[in-house]
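**Q** There's a structure below that I have some questions on.
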Amino acid sequence: MNIHEHQAKAVLKEFGAPVPRGQAAYSAAEAARIAETLGGPVWVVKAQIHAGGRGKAGGVKVVKSAGEVKEAAAELMGKVLVTHQTGPEGKEVRRLLVEEGVEIERELYFSMLVDRATGWPAIICSTEGGMDIEAVAAETPEKILTLAIDPATGIQSFHARKVAVSLGLREKQYAKQVNSLMRSLYAAFIQKDMSLLEVNPLIVTKAGNLLCLDAKVSFDDNASFRHPEFADLRDQTEEDPKEREAKAHGLSYVALDGNIGCMVNGAGLAMATMDIIKLYGAEPANFLDVGGGADTATVTAAFKIITQDPQVKGILVNIFGGIMKCDVIAEGVIAAVKETGLSVPLVVRLAGTNVEKGKAILDASDLDITPADDLDDAAQKIVAAVGGDK
């Protein structure tokens with residue numbers, strides 16, 4: 001679950017991390033009032049969307065009067081920003097962040113995420129702040145420090161010293177600041193069950209203070225039961241409608257750019273299904289895991305989500321029956337087809353519990369369904385049915 005920059009900074013502030021003074025605005029008039037409350041002489045008006053690259057897309061304005069704040073806000077509100085992370089369709093700006101301006105001496109990069117190799121939180125930092133970390137990794141990897149943190153001990157003084165040296169903050173005045181900042185960010189990361197915390201840039205001001213000038217936070221959806229406050233931070237207008245509907249039915253769904261819709265049970269099998277579709281020259285339109293305990297209603301909902309995607313030119317249902325029985329899948333597919341109609345090729349591969357019952361149900365339906373013997377056979381048939389076009 002992603003949140004907006006102004007929300008991320010509010011969370012970091014709760015844990016004592018230094019952030020600029022600012023407030024969210026939902027209209028140009030409100031932005032001007034916030035600027036007057038903050039005081040001048042410089043303000044920054046930032047578009048709030050769940051995507052990076054806002055500055056390059058014209059979504060960040062530095063202004064020098066309350067009147068200019070209002071003008072900048074009016075220009076940004078309702079604008080569709082297209083960045084390298086939004087795709088060509090872009091994202092509409094529905095809220096803004098108005099902040100006090102600060103004098104920047106240096107820009108640094110700092111982030112925390114979970115290192116899947118160790119299962120520990122990891123810090124990634126660099127002197128190259130303000131840039132995409134992927135570009136830094138590709139062009140100057142020696143400028144990146146990755147530091148794993150043992151969750152049994154948390155942040156220790158030697159971690160802070162190592163980060164300070166890596167960031168070129170060797171002066172004594174920065175030692176306590178780096179230590180305090182890292183402990184605050186680590187506490188927020190752990191206690192809020194974050195999957196990503198990125199501060200880019202982390203700046204050194206002209207006055208010699210560290211400040212989180214930007215902040216990006218993602219929470220682990222699997223931990224949402226521990227955090228009822230997450231519900232207030234969710235902006236559903238930023239989410240894919242299909243992903244939102246899938247979540248309401250307890251489905252794991254991610255929209256992709258291909259044209260073959262996939263309905264599979266089990267994350268591993270879903271990944272394998274997408275891989276073999278690509279192997280035979282096409283692209284999956286989604287990742288969709290119906291889980292191990294889905295019923296007919298859940299399968300019907302999953303099928304409807306797939307068919308509502310205009311990009312989908314063919315559908316592959318790949319089910320290995322265990323807890324999830326093949327006859328239940330077959331009944332769900334038939335119910336969904338009868339409810340939504342079927343205008344694209346449909347290939348179904350069933351294996352496992354009640355597979356013969358499932359195949360018999362499909363055969364007796366008189367629907368235009370192509371059966372497959374195994375995954376390889378299924379992938380070849382659906383790719384051929386859509387013409388193999390990506």
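By convention here, the chains of the structure tokens are called A, B, ... in the order presented, each chain's residues are numbered starting at 1, and ligands are numbered starting at 1 in the order presented.
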So that I can see what lies close to Leu211 in chain A, please list as number ranges by chain the residues with an atom at most 6 Å from it, counting only C-alpha atoms and leaving out residues fewer than 3 positions away in the same chain.
**A** A: 18-19, 202-203
**Q** Given only C-alpha atoms, how would the per-residue table for range 92-147 of chain A near range 173-188 of chain A read, listing every residue at most 10 Å away with its closest atom pair and distance in Å to one decimal, sorted by chain and number, as CSV?
**A**
```
residue,atom,partner,partner_atom,distance
A:Phe110,CA,A:Met182,CA,9.4
A:Ser111,CA,A:Leu185,CA,9.1
A:Met112,CA,A:Tyr186,CA,7.8
A:Pro121,CA,A:Tyr186,CA,8.7
A:Ala122,CA,A:Tyr186,CA,9.7
A:Ile123,CA,A:Tyr186,CA,9.2
```
**Q** Can you pull out the residues contacting Ala152 in chain A? Cut-off 12 Å, using only C-alpha atoms, and skip same-chain residues under 2 positions away; I want them as a PDB file with N, CA, C and O atoms, in the first residue's frame.
**A**
```
ATOM      1  N   TRP A 120      16.449  -9.510   6.663  1.00  0.00           N
ATOM      2  CA  TRP A 120      16.700  -8.383   7.557  1.00  0.00           C
ATOM      3  C   TRP A 120      16.361  -7.058   6.882  1.00  0.00           C
ATOM      4  O   TRP A 120      16.398  -6.959   5.648  1.00  0.00           O
ATOM      5  N   PRO A 121      16.051  -6.035   7.675  1.00  0.00           N
ATOM      6  CA  PRO A 121      15.960  -4.688   7.104  1.00  0.00           C
ATOM      7  C   PRO A 121      17.327  -4.282   6.571  1.00  0.00           C
ATOM      8  O   PRO A 121      18.361  -4.649   7.129  1.00  0.00           O
ATOM      9  N   ALA A 148      22.980  -4.192   5.989  1.00  0.00           N
ATOM     10  CA  ALA A 148      21.934  -4.994   6.621  1.00  0.00           C
ATOM     11  C   ALA A 148      21.906  -4.731   8.122  1.00  0.00           C
ATOM     12  O   ALA A 148      22.956  -4.577   8.758  1.00  0.00           O
ATOM     13  N   ILE A 149      20.710  -4.682   8.702  1.00  0.00           N
ATOM     14  CA  ILE A 149      20.534  -4.407  10.126  1.00  0.00           C
ATOM     15  C   ILE A 149      19.943  -5.643  10.806  1.00  0.00           C
ATOM     16  O   ILE A 149      18.837  -6.075  10.447  1.00  0.00           O
ATOM     17  N   ASP A 150      20.640  -6.187  11.754  1.00  0.00           N
ATOM     18  CA  ASP A 150      20.136  -7.332  12.504  1.00  0.00           C
ATOM     19  C   ASP A 150      18.931  -6.874  13.328  1.00  0.00           C
ATOM     20  O   ASP A 150      19.060  -6.005  14.195  1.00  0.00           O
ATOM     21  N   GLY A 154      18.838  -3.951  16.136  1.00  0.00           N
ATOM     22  CA  GLY A 154      18.415  -2.666  15.608  1.00  0.00           C
ATOM     23  C   GLY A 154      19.603  -1.790  15.248  1.00  0.00           C
ATOM     24  O   GLY A 154      20.731  -2.262  15.086  1.00  0.00           O
ATOM     25  N   ILE A 155      19.361  -0.490  15.132  1.00  0.00           N
ATOM     26  CA  ILE A 155      20.415   0.449  14.764  1.00  0.00           C
ATOM     27  C   ILE A 155      21.408   0.599  15.916  1.00  0.00           C
ATOM     28  O   ILE A 155      21.024   0.833  17.061  1.00  0.00           O
ATOM     29  N   GLN A 156      22.679   0.469  15.597  1.00  0.00           N
ATOM     30  CA  GLN A 156      23.758   0.666  16.561  1.00  0.00           C
ATOM     31  C   GLN A 156      24.626   1.841  16.122  1.00  0.00           C
ATOM     32  O   GLN A 156      24.567   2.281  14.964  1.00  0.00           O
ATOM     33  N   ILE A 190      10.040  -0.226  11.194  1.00  0.00           N
ATOM     34  CA  ILE A 190       9.680  -1.458  11.900  1.00  0.00           C
ATOM     35  C   ILE A 190       8.275  -1.374  12.489  1.00  0.00           C
ATOM     36  O   ILE A 190       7.436  -2.270  12.289  1.00  0.00           O
TER      37      ILE A 190
END
```
**Q** Return the single residue from A:Asn354, A:Gln311, A:Gln236, A:Ser343 that is closest to Lys325 in chain A, with distances computed using only C-alpha atoms.
**A**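 Ranking A:Asn354, A:Gln311, A:Gln236, A:Ser343 by distance to Lys325 in chain A, first place goes to A:Asn354.
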**Q** Rounded to one decimal place, report the CA of Asp327 in chain A-CA of Glu356 in chain A distance in Å.
**A**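 For CA of Asp327 in chain A relative to CA of Glu356 in chain A, the distance reads 8.1 Å.
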**Q** Got a sec: who's within 10 Å of Cys125 in chain A, counting only C-alpha atoms, leaving out chain neighbours fewer than 5 positions off, as a list of chain:residue names?
**A** A:Leu108, A:Tyr109, A:Phe110, A:Ser111, A:Met112, A:Ile133, A:Lys143, A:Ile144, A:Leu145, A:Thr146, A:Leu147, A:Val163, A:Ala164, A:Ser166, A:Leu167, A:Glu198, A:Val199, A:Asn200, A:Leu202
**Q** Those same residues - C-alpha atoms - I'd like them written as an mmCIF file, in the first residue's frame.
**A**
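Once written, part.cif looks like this:
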```cif
data_model
loop_
_atom_site.group_PDB
_atom_site.id
_atom_site.type_symbol
_atom_site.label_atom_id
_atom_site.label_comp_id
_atom_site.auth_asym_id
_atom_site.auth_seq_id
_atom_site.Cartn_x
_atom_site.Cartn_y
_atom_site.Cartn_z
ATOM 1 C CA LEU A 108 21.869 12.680 -0.458
ATOM 2 C CA TYR A 109 19.953 9.421 -0.845
ATOM 3 C CA PHE A 110 18.684 7.207 1.986
ATOM 4 C CA SER A 111 16.253 4.292 1.956
ATOM 5 C CA MET A 112 15.229 1.210 3.900
ATOM 6 C CA ILE A 133 18.878 5.020 -7.451
ATOM 7 C CA LYS A 143 28.724 5.295 -4.660
ATOM 8 C CA ILE A 144 26.066 3.092 -3.025
ATOM 9 C CA LEU A 145 26.349 1.577 0.455
ATOM 10 C CA THR A 146 24.065 -1.319 1.404
ATOM 11 C CA LEU A 147 23.961 -2.138 5.090
ATOM 12 C CA VAL A 163 26.533 5.656 6.963
ATOM 13 C CA ALA A 164 27.912 9.080 7.905
ATOM 14 C CA SER A 166 29.692 6.834 3.238
ATOM 15 C CA LEU A 167 27.649 10.017 2.806
ATOM 16 C CA GLU A 198 12.795 6.187 0.697
ATOM 17 C CA VAL A 199 14.101 9.687 1.413
ATOM 18 C CA ASN A 200 15.314 11.202 -1.848
ATOM 19 C CA LEU A 202 17.872 13.694 2.181
#
```
**Q** As a PyMOL selection string, please: all residues of range 321-352 of chain A that backbone DSSP puts in alpha helix (DSSP H).
**A** chain A and resi 326-340
**Q** Write out as a list of chain:residue names each polymer residue whose atoms come within 10 Å of Gly321 in chain A, counting only C-alpha atoms; drop sequence neighbours fewer than 5 positions from it.
**A**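 Close residues of Gly321 in chain A: A:Asn265, A:Gly292, A:Cys326, A:Asp327, A:Val328, A:Ile329, A:Leu350, A:Ala351, A:Gly352, A:Thr353, A:Asn354, A:Val355, A:Gly358.
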**Q** One decimal, in Å: what's the spacing between CA of Arg349 in chain A and CA of Ala272 in chain A?
**A** 13.6 Å
**Q** Do you have the CA of Glu283 in chain A-CA of Leu342 in chain A distance handy?
**A** 20.2 Å
**Q** Which of these, A:Lys278, A:His159, A:Arg244, A:His227, has the shortest distance to Asp193 in chain A once you count only C-alpha atoms?
**A**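 Nearest to Asp193 in chain A: A:His227.
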**Q** Return the single residue from A:Ile104, A:Val337, A:Ala137, A:Leu113 that is closest to Pro201 in chain A, with distances computed using only C-alpha atoms.
**A**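 Ranking A:Ile104, A:Val337, A:Ala137, A:Leu113 by distance to Pro201 in chain A, first place goes to A:Ile104.
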